[in-house]
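K.L.:
Structure supplied as coords.cif; contents: mmCIF, C-alpha atoms.
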data_upload
#
loop_
_atom_site.label_atom_id
_atom_site.label_comp_id
_atom_site.auth_asym_id
_atom_site.auth_seq_id
_atom_site.Cartn_x
_atom_site.Cartn_y
_atom_site.Cartn_z
CA MET Z 1 -13.17 16.35 38.42
CA GLU Z 2 -15.13 16.79 35.24
CA LYS Z 3 -14.24 14.72 32.28
CA GLN Z 4 -13.67 16.69 29.14
CA GLU Z 5 -13.89 15.40 25.65
CA ASN Z 6 -10.83 16.67 23.83
CA ILE Z 7 -10.76 17.64 20.18
CA LYS Z 8 -8.97 15.13 18.00
CA LYS Z 9 -6.60 16.34 15.32
CA LEU Z 10 -4.19 14.77 12.92
CA GLN Z 11 -0.70 15.74 11.88
CA VAL Z 12 0.86 14.16 8.82
CA VAL Z 13 4.55 13.81 8.15
CA LYS Z 14 5.39 12.76 4.61
CA PHE Z 15 8.78 11.86 3.26
CA GLU Z 16 10.25 9.98 0.34
CA VAL Z 17 12.47 6.99 0.91
CA LYS Z 18 14.83 5.59 -1.67
CA LYS Z 19 15.74 1.93 -1.91
CA GLY Z 20 18.23 0.92 0.73
CA GLN Z 21 18.17 4.38 2.27
CA THR Z 22 18.07 5.29 5.92
CA PHE Z 23 15.98 8.39 6.15
CA GLU Z 24 16.05 10.67 9.12
CA PHE Z 25 13.23 13.10 9.67
CA ASN Z 26 13.52 15.95 12.14
CA GLY Z 27 10.57 18.22 12.73
CA ASN Z 28 8.18 19.53 15.29
CA THR Z 29 4.67 18.86 16.41
CA LYS Z 30 2.14 21.59 15.83
CA THR Z 31 2.03 24.40 18.37
CA GLU Z 32 -1.77 24.37 18.50
CA HIS Z 33 -1.88 20.67 19.47
CA ASP Z 34 -1.57 19.77 23.13
CA ARG Z 35 -0.81 16.07 23.20
CA ILE Z 36 0.16 13.32 20.79
CA LYS Z 37 -1.94 10.27 21.56
CA GLY Z 38 -1.04 7.83 18.84
CA ILE Z 39 0.97 7.14 15.75
CA PHE Z 40 0.59 4.99 12.66
CA LEU Z 41 1.93 5.04 9.14
CA ARG Z 42 1.21 4.09 5.59
CA LEU Z 43 3.52 3.34 2.71
CA SER Z 44 2.64 4.27 -0.85
CA ASN Z 45 3.99 0.85 -1.75
CA PRO Z 46 3.22 -1.74 0.95
CA GLN Z 47 5.51 -4.19 -0.84
CA ALA Z 48 8.40 -2.33 0.77
CA LEU Z 49 7.20 -3.42 4.22
CA PRO Z 50 9.17 -6.64 4.75
CA GLY Z 51 12.36 -5.77 6.60
CA ALA Z 52 11.74 -2.03 6.93
CA THR Z 53 12.33 -0.75 10.45
CA LEU Z 54 11.95 2.53 12.24
CA ARG Z 55 12.64 4.40 15.42
CA VAL Z 56 10.62 7.34 16.69
CA TRP Z 57 11.06 10.02 19.31
CA VAL Z 58 8.46 12.55 20.29
CA ASP Z 59 9.34 15.30 22.75
CA ASP Z 60 12.78 13.67 23.18
CA THR Z 61 11.19 10.46 24.45
CA GLU Z 62 11.84 7.29 22.54
CA ILE Z 63 8.37 6.02 21.64
CA ILE Z 64 9.31 3.32 19.21
CA PRO Z 65 12.59 1.57 19.93
CA ASP Z 66 15.28 0.98 17.35
CA ASP Z 67 14.72 -1.89 14.91
CA THR Z 68 10.93 -2.02 15.26
CA GLU Z 69 9.33 -3.42 12.14
CA VAL Z 70 7.26 -0.92 10.20
CA ALA Z 71 4.73 -3.67 9.49
CA LEU Z 72 3.60 -3.54 13.11
CA LEU Z 73 2.54 0.09 12.76
CA HIS Z 74 1.29 0.00 9.20
CA HIS Z 75 -2.32 0.79 8.58
CA ASN Z 76 -4.04 -1.76 6.41
CA ASP Z 77 -7.29 -1.05 4.67
CA ASP Z 78 -9.13 -3.62 6.75
CA MET Z 79 -8.58 -1.86 10.07
CA SER Z 80 -10.05 1.23 11.62
CA ILE Z 81 -7.67 4.02 12.54
CA LYS Z 82 -8.63 3.66 16.18
CA ASP Z 83 -7.45 0.05 16.20
CA VAL Z 84 -4.29 0.60 14.27
CA ALA Z 85 -2.81 3.59 16.04
CA PHE Z 86 0.10 2.80 18.28
CA PRO Z 87 -0.87 4.35 21.63
CA MET Z 88 1.31 6.98 23.22
CA ASP Z 89 0.85 10.11 25.27
CA GLU Z 90 3.43 12.83 24.82
CA LYS Z 91 3.42 16.58 24.83
CA ALA Z 92 2.86 18.27 21.48
CA LYS Z 93 3.09 22.07 21.43
CA ASN Z 94 6.02 22.34 19.05
CA SER Z 95 7.96 19.48 20.66
CA PRO Z 96 10.59 17.81 18.46
CA VAL Z 97 9.70 14.73 16.38
CA ARG Z 98 12.50 12.56 15.16
CA ILE Z 99 11.96 9.55 12.92
CA ILE Z 100 14.64 7.26 11.58
CA TYR Z 101 13.28 5.04 8.85
CA LYS Z 102 15.44 2.25 7.44
CA ASP Z 103 14.44 0.73 4.16
CA ASP Z 104 15.36 -2.85 3.39
CA SER Z 105 13.62 -3.39 0.07
CA GLU Z 106 16.54 -3.83 -2.32
CA ASN Z 107 15.55 -7.35 -3.32
CA LEU Z 108 11.82 -6.68 -3.35
CA ALA Z 109 9.56 -5.55 -6.12
CA VAL Z 110 9.62 -1.90 -5.21
CA ASN Z 111 10.28 1.16 -7.33
CA ASP Z 112 13.35 3.24 -6.68
CA SER Z 113 11.52 5.35 -4.17
CA TYR Z 114 8.23 5.46 -2.37
CA ASN Z 115 6.42 7.77 0.00
CA VAL Z 116 5.98 7.21 3.69
CA ARG Z 117 3.28 9.05 5.57
CA VAL Z 118 3.45 9.12 9.33
CA TYR Z 119 0.21 10.13 11.02
CA LEU Z 120 0.31 11.61 14.49
CA LEU Z 121 -3.01 11.54 16.29
CA ALA Z 122 -3.11 14.75 18.28
CA GLU Z 123 -5.48 16.18 20.81
CA VAL Z 124 -6.37 19.72 21.64
CA GLU Z 125 -7.66 20.25 25.14
CA LYS Z 126 -11.01 21.95 25.24
CA LYS Z 127 -10.88 25.26 26.98
CA LYS Z 128 -13.82 26.34 29.05
CA MET O 1 2.40 4.26 29.81
CA LYS O 2 3.56 1.24 27.89
CA ARG O 3 7.04 1.16 26.44
CA TYR O 4 8.66 -1.31 24.11
CA PHE O 5 12.05 -2.88 23.84
CA VAL O 6 13.27 -4.78 20.81
CA ILE O 7 15.85 -7.54 20.76
CA THR O 8 17.03 -8.62 17.32
CA LYS O 9 18.67 -11.98 16.73
CA HIS O 10 19.98 -13.62 13.62
CA SER O 11 20.18 -17.28 12.75
CA ALA O 12 22.29 -17.99 9.67
CA ASP O 13 22.56 -21.46 8.11
CA ASN O 14 19.91 -22.92 10.42
CA SER O 15 22.01 -22.20 13.49
CA HIS O 16 20.59 -22.30 16.99
CA PHE O 17 21.25 -19.54 19.46
CA ASN O 18 21.30 -19.22 23.20
CA GLU O 19 21.92 -15.65 24.26
CA GLN O 20 21.27 -13.27 27.10
CA ASP O 21 20.35 -9.60 26.92
CA LEU O 22 20.03 -7.07 29.66
CA LEU O 23 16.60 -5.50 29.86
CA PRO O 24 16.30 -1.72 30.28
CA ALA O 25 16.57 -0.51 33.85
CA SER O 26 13.07 0.97 33.80
CA CYS O 27 11.58 -2.39 32.82
CA LYS O 28 10.05 -3.58 36.08
CA LEU O 29 6.85 -5.11 34.85
CA ILE O 30 6.60 -6.94 31.54
CA THR O 31 3.05 -6.75 30.21
CA GLY O 32 3.40 -8.60 26.96
CA ILE O 33 5.69 -10.12 24.39
CA ALA O 34 5.70 -10.65 20.64
CA VAL O 35 8.02 -12.62 18.41
CA ASN O 36 8.35 -12.18 14.69
CA ALA O 37 10.69 -13.86 12.24
CA THR O 38 11.50 -12.71 8.74
CA VAL O 39 13.70 -14.10 6.02
CA LYS O 40 15.08 -11.92 3.28
CA GLN O 41 14.32 -13.67 0.06
CA GLU O 42 14.48 -12.52 -3.51
CA SER O 43 11.00 -11.49 -4.44
CA GLU O 44 9.32 -12.89 -7.46
CA LEU O 45 7.41 -10.61 -9.77
CA GLU O 46 4.23 -11.83 -11.30
CA ASP O 47 2.25 -10.22 -14.08
CA ASP O 48 -1.17 -9.12 -13.11
CA SER O 49 -3.68 -6.57 -14.26
CA GLN O 50 -6.15 -4.20 -12.77
CA ASP O 51 -9.42 -3.16 -14.38
CA LEU O 52 -9.79 0.48 -15.27
CA ILE O 53 -13.17 2.14 -14.82
CA PHE O 54 -15.10 2.03 -18.07
CA PRO O 55 -15.28 5.57 -19.45
CA GLN O 56 -19.00 6.43 -19.33
CA ASN O 57 -18.41 9.73 -21.10
CA LEU O 58 -16.71 8.02 -23.98
CA ILE O 59 -19.19 9.24 -26.57
CA SER O 60 -19.85 12.73 -25.35
CA ASP O 61 -16.55 13.88 -26.86
CA LEU O 62 -17.44 12.11 -30.04
CA LEU O 63 -20.73 13.95 -30.45
CA LEU O 64 -19.10 17.29 -29.68
CA SER O 65 -16.73 16.99 -32.59
CA GLU O 66 -17.95 18.89 -35.64
CA GLY O 67 -15.52 17.03 -37.84
CA ILE O 68 -17.28 13.79 -37.16
CA THR O 69 -20.84 14.99 -37.69
CA SER O 70 -19.97 16.64 -40.98
CA LEU O 71 -18.27 13.43 -42.07
CA PHE O 72 -21.46 11.58 -41.28
CA TYR O 73 -23.26 14.08 -43.45
CA SER O 74 -21.12 13.45 -46.50
CA TYR O 75 -21.26 9.74 -45.79
CA LEU O 76 -25.04 9.80 -45.76
CA ARG O 77 -25.44 11.74 -48.96
CA THR O 78 -22.80 10.34 -51.21
CA ARG O 79 -22.44 6.57 -50.83
CA ALA O 80 -24.50 4.26 -52.93
CA THR O 81 -23.45 0.73 -51.95
CA VAL O 82 -22.48 -1.03 -48.74
CA ALA O 83 -18.92 -1.69 -49.93
CA GLU O 84 -18.37 1.90 -50.95
CA SER O 85 -19.83 3.12 -47.72
CA LYS O 86 -17.61 0.81 -45.66
CA ASP O 87 -14.53 1.94 -47.57
CA PHE O 88 -15.37 5.54 -46.92
CA PHE O 89 -16.05 4.78 -43.28
CA GLU O 90 -12.67 3.10 -42.88
CA SER O 91 -10.73 5.76 -44.73
CA ASP O 92 -12.35 8.91 -43.36
CA ILE O 93 -14.59 8.38 -40.37
CA LEU O 94 -12.75 5.69 -38.46
CA PRO O 95 -9.45 7.60 -38.11
CA GLU O 96 -11.43 10.55 -36.70
CA ILE O 97 -13.18 8.33 -34.15
CA VAL O 98 -9.92 6.66 -33.14
CA ASN O 99 -8.25 10.02 -32.90
CA ILE O 100 -10.91 11.46 -30.62
CA LEU O 101 -11.05 8.40 -28.40
CA SER O 102 -7.33 8.12 -27.93
CA ASN O 103 -6.85 11.83 -27.32
CA ASN O 104 -9.63 12.21 -24.83
CA LEU O 105 -9.42 9.10 -22.72
CA LYS O 106 -6.95 10.05 -20.07
CA TYR O 107 -6.48 8.07 -16.89
CA THR O 108 -4.61 9.97 -14.22
CA CYS O 109 -3.41 6.74 -12.61
CA LEU O 110 -1.47 5.72 -15.71
CA SER O 111 2.07 6.71 -16.48
CA GLU O 112 2.86 8.26 -19.86
CA ALA O 113 4.02 4.96 -21.30
CA GLU O 114 0.98 3.12 -19.97
CA GLN O 115 -1.31 5.80 -21.36
CA ALA O 116 0.39 5.54 -24.75
CA SER O 117 -0.04 1.78 -24.79
CA LEU O 118 -3.71 2.17 -23.83
CA ASN O 119 -4.14 4.59 -26.73
CA ASP O 120 -2.42 2.12 -29.02
CA SER O 121 -4.63 -0.73 -27.98
CA ILE O 122 -7.76 1.39 -28.40
CA ALA O 123 -6.56 2.39 -31.89
CA GLU O 124 -5.72 -1.19 -32.81
CA LEU O 125 -9.04 -2.55 -31.58
CA PHE O 126 -11.08 0.02 -33.45
CA ASN O 127 -8.98 -0.11 -36.61
CA THR O 128 -9.21 -3.87 -36.93
CA GLN O 129 -12.68 -4.75 -35.70
CA PHE O 130 -14.94 -1.73 -35.46
CA ALA O 131 -15.92 -1.43 -39.14
CA ASP O 132 -16.90 -5.10 -39.28
CA TYR O 133 -18.91 -4.72 -36.11
CA LEU O 134 -20.80 -1.72 -37.47
CA TYR O 135 -21.50 -3.12 -40.88
CA ASN O 136 -22.03 -6.78 -40.10
CA GLU O 137 -23.50 -6.89 -36.63
CA SER O 138 -25.17 -3.51 -36.42
CA ASP O 139 -26.22 -3.23 -40.05
CA ILE O 140 -25.51 0.44 -40.01
CA TYR O 141 -25.84 0.99 -43.74
CA GLU O 142 -29.49 -0.02 -43.92
CA LYS O 143 -30.40 1.76 -40.72
CA GLY O 144 -28.60 4.91 -41.83
CA LYS O 145 -30.82 5.36 -44.88
CA THR O 146 -33.80 6.56 -42.90
CA LEU O 147 -32.03 8.57 -40.26
CA SER O 148 -31.30 12.28 -40.04
CA ASN O 149 -27.75 13.52 -39.54
CA LEU O 150 -28.08 13.89 -35.83
CA GLU O 151 -29.79 10.56 -35.30
CA PHE O 152 -27.15 8.87 -37.36
CA ALA O 153 -24.33 10.44 -35.37
CA ASP O 154 -26.13 9.30 -32.23
CA LEU O 155 -26.41 5.75 -33.54
CA ILE O 156 -22.71 5.57 -34.35
CA ALA O 157 -21.86 6.98 -30.96
CA GLN O 158 -24.06 4.39 -29.25
CA ARG O 159 -22.48 1.59 -31.24
CA THR O 160 -19.03 2.93 -30.39
CA MET O 161 -19.95 2.75 -26.74
CA MET O 162 -21.36 -0.77 -27.04
CA PHE O 163 -18.35 -1.95 -28.97
CA ALA O 164 -15.95 -0.46 -26.44
CA TYR O 165 -17.95 -1.99 -23.61
CA LEU O 166 -17.87 -5.44 -25.22
CA HIS O 167 -14.09 -5.25 -25.33
CA LYS O 168 -13.53 -3.47 -22.04
CA SER O 169 -11.75 -6.41 -20.44
CA ASP O 170 -9.21 -6.49 -23.29
CA VAL O 171 -8.53 -2.79 -23.51
CA PHE O 172 -9.39 -0.98 -20.31
CA ILE O 173 -6.90 -2.67 -18.08
CA ARG O 174 -3.70 -1.59 -16.46
CA PRO O 175 -0.83 -4.09 -16.48
CA LEU O 176 0.77 -4.54 -13.09
CA LYS O 177 3.71 -6.30 -11.59
CA VAL O 178 2.84 -7.92 -8.32
CA TYR O 179 5.29 -9.02 -5.70
CA LYS O 180 4.71 -12.59 -4.67
CA ARG O 181 5.08 -12.89 -0.94
CA PRO O 182 7.47 -15.59 0.23
CA GLU O 183 5.55 -18.54 1.64
CA PRO O 184 5.35 -18.66 5.43
CA TYR O 185 6.94 -21.67 7.10
CA GLU O 186 7.73 -22.89 10.58
CA CYS O 187 11.36 -22.17 11.27
CA GLY O 188 11.91 -23.38 14.83
CA ASN O 189 11.09 -23.09 18.51
CA ILE O 190 11.95 -20.28 20.82
CA SER O 191 12.00 -20.16 24.60
CA LEU O 192 12.36 -16.94 26.56
CA LEU O 193 13.42 -16.94 30.18
CA VAL O 194 13.83 -14.11 32.61
CA ASN O 195 16.90 -14.29 34.83
CA GLY O 196 17.49 -17.84 33.73
CA ASN O 197 14.57 -19.44 35.55
CA SER O 198 11.17 -17.96 34.78
CA PHE O 199 9.73 -18.82 31.38
CA LEU O 200 7.98 -16.14 29.38
CA LEU O 201 7.61 -18.44 26.40
CA ARG O 202 8.41 -22.10 26.23
CA ASP O 203 9.03 -23.88 22.93
CA TYR O 204 6.99 -21.31 21.09
CA MET O 205 6.72 -22.20 17.41
CA VAL O 206 8.07 -19.37 15.26
CA THR O 207 6.63 -18.94 11.79
CA ALA O 208 8.81 -17.01 9.38
CA ASN O 209 7.30 -14.67 6.77
CA ARG O 210 3.83 -14.82 8.18
CA LYS O 211 1.62 -11.81 7.69
CA VAL O 212 2.32 -9.44 10.54
CA ARG O 213 -0.61 -7.68 12.08
CA ASN O 214 -0.68 -4.55 14.12
CA MET O 215 1.47 -4.33 17.23
CA SER O 216 -1.53 -4.46 19.61
CA LYS O 217 -2.70 -7.71 17.98
CA GLU O 218 0.75 -9.28 17.93
CA ILE O 219 1.52 -8.86 21.61
CA ILE O 220 0.82 -11.87 23.80
CA PRO O 221 -0.29 -10.26 27.07
CA PHE O 222 0.82 -11.37 30.51
CA HIS O 223 2.27 -9.88 33.67
CA GLU O 224 5.74 -10.64 34.88
CA PRO O 225 7.22 -8.43 37.61
CA LEU O 226 10.98 -8.08 37.31
CA GLU O 227 13.86 -7.09 39.48
CA VAL O 228 16.14 -4.25 38.47
CA ASN O 229 18.79 -5.29 35.95
CA SER O 230 16.98 -8.41 34.87
CA ASN O 231 18.14 -10.20 31.81
CA LEU O 232 16.31 -12.06 29.11
CA HIS O 233 17.56 -15.40 27.96
CA ALA O 234 16.55 -16.37 24.42
CA VAL O 235 16.98 -19.97 23.27
CA PHE O 236 16.16 -20.72 19.67
CA LYS O 237 16.18 -24.18 18.17
CA SER O 238 16.07 -24.13 14.40
CA ASN O 239 14.19 -26.91 12.67
CA LYS O 240 16.53 -26.69 9.65
CA ASN O 241 13.86 -25.41 7.29
CA SER O 242 15.54 -22.15 6.44
CA GLY O 243 18.14 -23.44 3.97
CA ASP O 244 20.76 -20.84 3.15
CA ASN O 245 18.65 -17.92 4.25
CA THR O 246 19.44 -15.84 7.27
CA LEU O 247 16.59 -15.69 9.70
CA THR O 248 15.99 -12.45 11.59
CA ILE O 249 14.05 -12.90 14.81
CA ARG O 250 12.78 -9.86 16.62
CA ILE O 251 11.51 -10.09 20.17
CA TYR O 252 9.31 -7.19 21.25
CA ILE O 253 8.93 -6.68 24.96
CA GLU O 254 6.11 -4.49 26.17
CA TYR O 255 6.58 -3.10 29.64
CA GLU O 256 5.01 -0.61 31.96
CA HIS O 257 6.98 2.59 32.13
CA GLU O 258 6.66 4.88 35.06
CA ARG O 259 6.86 8.48 34.09
CA VAL O 260 9.59 10.26 35.96
CA THR O 261 8.35 13.63 37.05
CA ALA O 262 10.97 16.21 37.67
#
For the file at hand, write its structure as structure tokens.
P.N.:
Amino acid sequence: MEKQENIKKLQVVKFEVKKGQTFEFNGNTKTEHDRIKGIFLRLSNPQALPGATLRVWVDDTEIIPDDTEVALLHHNDDMSIKDVAFPMDEKAKNSPVRIIYKDDSENLAVNDSYNVRVYLLAEVEKKK
Amino acid sequence: MKRYFVITKHSADNSHFNEQDLLPASCKLITGIAVNATVKQESELEDDSQDLIFPQNLISDLLLSEGITSLFYSYLRTRATVAESKDFFESDILPEIVNILSNNLKYTCLSEAEQASLNDSIAELFNTQFADYLYNESDIYEKGKTLSNLEFADLIAQRTMMFAYLHKSDVFIRPLKVYKRPEPYECGNISLLVNGNSFLLRDYMVTANRKVRNMSKEIIPFHEPLEVNSNLHAVFKSNKNSGDNTLTIRIYIEYEHERVTA
């Protein structure tokens, strides 16, 4: 079997979370992507990290279980994307993505709302 | 493919706990474990500031303004003494300079209120100190006698730049509020047993509020084959350091998941 180098792509999901809010995102992966290989996220205000948790499904498979701390998946500036991405391997091709993000920043120095960007590392299989 | 399972426990008022949880049915081989403890504490805000980039193009707007160069012209031709010249500078030229600087220096990172306060501090700095700087330190009156209009405008622009640069750390800053992280501390020991006899962790010191790294770095790797319907026994002994705060301990279990193919 020949090994093929697949083309790497990125899909970004951005949403705004208000203080104390539980935000549910429902969407789909891109049709032109074949597989989702990793996930990581960044907050516009990293001070909201302590206590924030999330749960993620891709293609109806629970990838990140309930009550997982966002800090474990957050991309800091001192890490490369390759190191930070949480590994996974699920079908893309318009499969459903569901993210439940729970904020817990009410006593922290955070503005009323902040942006969360979830990055999905996707791959497109090279066709011969 | 690896899967994760999270068990969340709380310890209020320094209480110990000794609890069992059923692991997911598909969890037949544990490949790693991570423990993290957090305490919700009121955050403290501290004042801090961030340097803004010094505006290199500060004077280009100044030289573009016809109002200013014509003012220089009348200044050059009509003033006889230093005092008179300085008065004229303060009453006519300075407001123009301040006006141009505060209207043209826009930082996209600043909010409207922050931008307004930056403009105010630029105006205040120039209004109170700039004339003295030009006349006392730069001796602009004597130098101006031999210069043409354009050269003189250039000189003033240069001095404006130098003056602004000298005071950049007072003016070109953005005030910030920074959240002070709660100090990390050791909050107790945790032991994790599978099915009541096999230790995954034994008297593992848990540090609350430590800086959490990425999941892959947090996981302590090992292999522990399990039977179906295994349970995890978590025993936490608090060392009474948590005061009134409620401690949240999360146990992350990484396990090998066999993909079920239909």
K.L.:
Per residue of chain O within 12 Å of chain Z, note the shortest atom pair and the distance in Å to one decimal, counting all atoms listed in the file, and order the rows by chain and increasing residue number, as JSON lines.
P.N.:
{"residue": "O:Met1", "atom": "CA", "partner": "Z:Met88", "partner_atom": "CA", "distance": 7.2}
{"residue": "O:Lys2", "atom": "CA", "partner": "Z:Met88", "partner_atom": "CA", "distance": 7.7}
{"residue": "O:Arg3", "atom": "CA", "partner": "Z:Ile63", "partner_atom": "CA", "distance": 7.0}
{"residue": "O:Tyr4", "atom": "CA", "partner": "Z:Pro65", "partner_atom": "CA", "distance": 6.4}
{"residue": "O:Phe5", "atom": "CA", "partner": "Z:Pro65", "partner_atom": "CA", "distance": 5.9}
{"residue": "O:Val6", "atom": "CA", "partner": "Z:Pro65", "partner_atom": "CA", "distance": 6.4}
{"residue": "O:Ile7", "atom": "CA", "partner": "Z:Asp67", "partner_atom": "CA", "distance": 8.2}
{"residue": "O:Thr8", "atom": "CA", "partner": "Z:Asp67", "partner_atom": "CA", "distance": 7.5}
{"residue": "O:Lys9", "atom": "CA", "partner": "Z:Asp67", "partner_atom": "CA", "distance": 11.0}
{"residue": "O:Pro24", "atom": "CA", "partner": "Z:Pro65", "partner_atom": "CA", "distance": 11.5}
{"residue": "O:Ala34", "atom": "CA", "partner": "Z:Leu72", "partner_atom": "CA", "distance": 10.6}
{"residue": "O:Val35", "atom": "CA", "partner": "Z:Glu69", "partner_atom": "CA", "distance": 11.2}
{"residue": "O:Asn36", "atom": "CA", "partner": "Z:Glu69", "partner_atom": "CA", "distance": 9.2}
{"residue": "O:Ala37", "atom": "CA", "partner": "Z:Gly51", "partner_atom": "CA", "distance": 10.0}
{"residue": "O:Thr38", "atom": "CA", "partner": "Z:Gly51", "partner_atom": "CA", "distance": 7.3}
{"residue": "O:Val39", "atom": "CA", "partner": "Z:Gly51", "partner_atom": "CA", "distance": 8.5}
{"residue": "O:Lys40", "atom": "CA", "partner": "Z:Gly51", "partner_atom": "CA", "distance": 7.5}
{"residue": "O:Gln41", "atom": "CA", "partner": "Z:Asn107", "partner_atom": "CA", "distance": 7.3}
{"residue": "O:Glu42", "atom": "CA", "partner": "Z:Asn107", "partner_atom": "CA", "distance": 5.3}
{"residue": "O:Ser43", "atom": "CA", "partner": "Z:Leu108", "partner_atom": "CA", "distance": 5.0}
{"residue": "O:Glu44", "atom": "CA", "partner": "Z:Ala109", "partner_atom": "CA", "distance": 7.5}
{"residue": "O:Leu45", "atom": "CA", "partner": "Z:Ala109", "partner_atom": "CA", "distance": 6.6}
{"residue": "O:Glu46", "atom": "CA", "partner": "Z:Ala109", "partner_atom": "CA", "distance": 9.7}
{"residue": "O:Asp47", "atom": "CA", "partner": "Z:Ala109", "partner_atom": "CA", "distance": 11.8}
{"residue": "O:Leu176", "atom": "CA", "partner": "Z:Ala109", "partner_atom": "CA", "distance": 11.3}
{"residue": "O:Lys177", "atom": "CA", "partner": "Z:Ala109", "partner_atom": "CA", "distance": 8.0}
{"residue": "O:Val178", "atom": "CA", "partner": "Z:Ala109", "partner_atom": "CA", "distance": 7.5}
{"residue": "O:Tyr179", "atom": "CA", "partner": "Z:Ala109", "partner_atom": "CA", "distance": 5.5}
{"residue": "O:Lys180", "atom": "CA", "partner": "Z:Ala109", "partner_atom": "CA", "distance": 8.7}
{"residue": "O:Arg181", "atom": "CA", "partner": "Z:Gln47", "partner_atom": "CA", "distance": 8.7}
{"residue": "O:Pro182", "atom": "CA", "partner": "Z:Pro50", "partner_atom": "CA", "distance": 10.2}
{"residue": "O:Ala208", "atom": "CA", "partner": "Z:Pro50", "partner_atom": "CA", "distance": 11.4}
{"residue": "O:Asn209", "atom": "CA", "partner": "Z:Pro50", "partner_atom": "CA", "distance": 8.5}
{"residue": "O:Arg210", "atom": "CA", "partner": "Z:Pro50", "partner_atom": "CA", "distance": 10.4}
{"residue": "O:Lys211", "atom": "CA", "partner": "Z:Ala71", "partner_atom": "CA", "distance": 8.9}
{"residue": "O:Val212", "atom": "CA", "partner": "Z:Ala71", "partner_atom": "CA", "distance": 6.3}
{"residue": "O:Arg213", "atom": "CA", "partner": "Z:Leu72", "partner_atom": "CA", "distance": 6.0}
{"residue": "O:Asn214", "atom": "CA", "partner": "Z:Leu72", "partner_atom": "CA", "distance": 4.5}
{"residue": "O:Met215", "atom": "CA", "partner": "Z:Leu72", "partner_atom": "CA", "distance": 4.7}
{"residue": "O:Ser216", "atom": "CA", "partner": "Z:Phe86", "partner_atom": "CA", "distance": 7.6}
{"residue": "O:Lys217", "atom": "CA", "partner": "Z:Leu72", "partner_atom": "CA", "distance": 9.0}
{"residue": "O:Glu218", "atom": "CA", "partner": "Z:Leu72", "partner_atom": "CA", "distance": 8.0}
{"residue": "O:Ile219", "atom": "CA", "partner": "Z:Leu72", "partner_atom": "CA", "distance": 10.2}
{"residue": "O:Leu247", "atom": "CA", "partner": "Z:Gly51", "partner_atom": "CA", "distance": 11.2}
{"residue": "O:Thr248", "atom": "CA", "partner": "Z:Gly51", "partner_atom": "CA", "distance": 9.1}
{"residue": "O:Ile249", "atom": "CA", "partner": "Z:Glu69", "partner_atom": "CA", "distance": 10.9}
{"residue": "O:Arg250", "atom": "CA", "partner": "Z:Thr68", "partner_atom": "CA", "distance": 8.2}
{"residue": "O:Ile251", "atom": "CA", "partner": "Z:Thr68", "partner_atom": "CA", "distance": 9.5}
{"residue": "O:Tyr252", "atom": "CA", "partner": "Z:Thr68", "partner_atom": "CA", "distance": 8.1}
{"residue": "O:Ile253", "atom": "CA", "partner": "Z:Pro65", "partner_atom": "CA", "distance": 10.3}
{"residue": "O:Glu254", "atom": "CA", "partner": "Z:Pro65", "partner_atom": "CA", "distance": 10.8}
{"residue": "O:His257", "atom": "CA", "partner": "Z:Ile63", "partner_atom": "CA", "distance": 11.1}
{"residue": "O:Arg259", "atom": "CA", "partner": "Z:Thr61", "partner_atom": "CA", "distance": 10.8}
{"residue": "O:Val260", "atom": "CA", "partner": "Z:Thr61", "partner_atom": "CA", "distance": 11.6}
K.L.:
Selection in question (the file shown): the PyMOL selection byres ((chain O and resi 224-233) around 8). Which residues does it include, as a list in words?
P.N.:
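Matching residues under the PyMOL selection byres ((chain O and resi 224-233) around 8) are Asn18, Glu19, Gln20, Asp21, Leu22, Leu23, Pro24, Ala25, Ser26, Cys27, Lys28, Leu29, Ile30, Thr31, Leu192, Leu193, Val194, Asn195, Gly196, Phe222, His223, Ala234 and Val235 of chain O.
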K.L.:
Name the residues captured by the PyMOL selection byres ((chain O and resi 83-92) around 8) when it is applied to the shown file; answer as a list in words.
P.N.:
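Evaluating the PyMOL selection byres ((chain O and resi 83-92) around 8) on these coordinates yields Leu71, Tyr75, Arg79, Ala80, Thr81, Val82, Ile93, Leu94, Pro95, Glu96, Asn127, Ala131, Tyr135 and Tyr141 of chain O.
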K.L.:
Here is a test: counting only C-alpha atoms, which residue of O:Ser169, O:Asn103, O:Thr146, O:Ser111 is nearest to Ile53 (chain O)?
P.N.:
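Answer, going by the shortest atom-to-atom distance: O:Ser169.
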K.L.:
Find the residue from Z:Lys91, Z:Arg117, Z:Lys126, Z:Lys102 that sits nearest to Val13 (chain Z); use only C-alpha atoms when measuring.
P.N.:
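Smallest separation from Val13 (chain Z) among the options: Z:Arg117.
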K.L.:
For this structure, which residues satisfy the selection - the PyMOL selection byres ((chain Z and resi 36) around 10) - when it is evaluated on the file as given? I want them as a list in words.
P.N.:
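On this input, the PyMOL selection byres ((chain Z and resi 36) around 10) captures Lys8, Lys9, Leu10, Gln11, Thr29, Lys30, His33, Asp34, Arg35, Lys37, Gly38, Ile39, Val58, Asp59, Pro87, Met88, Asp89, Glu90, Lys91, Ala92, Lys93, Ser95, Leu120, Leu121, Ala122, Glu123 and Val124 of chain Z.
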K.L.:
For Phe54 (chain O), which of O:Leu110, O:Ile190, O:Leu201, O:Met162 is the closest residue, counting all atoms listed in the file?
P.N.:
O:Met162
K.L.:
Name all residues at most 10 Å from Thr22 (chain Z) (count all atoms listed in the file; drop same-chain ones fewer than 6 positions away) and give them as an NGL selection string.
P.N.:
:Z and (52-54 or 100-104)
K.L.:
Take the residues that were just selected and, keeping C-alpha atoms, output them as a compact mmCIF listing (two decimals), in the coordinates of the input.
P.N.:
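Saved the output as again10.txt:
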# COMPACT_ATOMS: atom_id res chain seq x y z
CA ALA Z 52 11.74 -2.03 6.93
CA THR Z 53 12.33 -0.75 10.45
CA LEU Z 54 11.95 2.53 12.24
CA ILE Z 100 14.64 7.26 11.58
CA TYR Z 101 13.28 5.04 8.85
CA LYS Z 102 15.44 2.25 7.44
CA ASP Z 103 14.44 0.73 4.16
CA ASP Z 104 15.36 -2.85 3.39
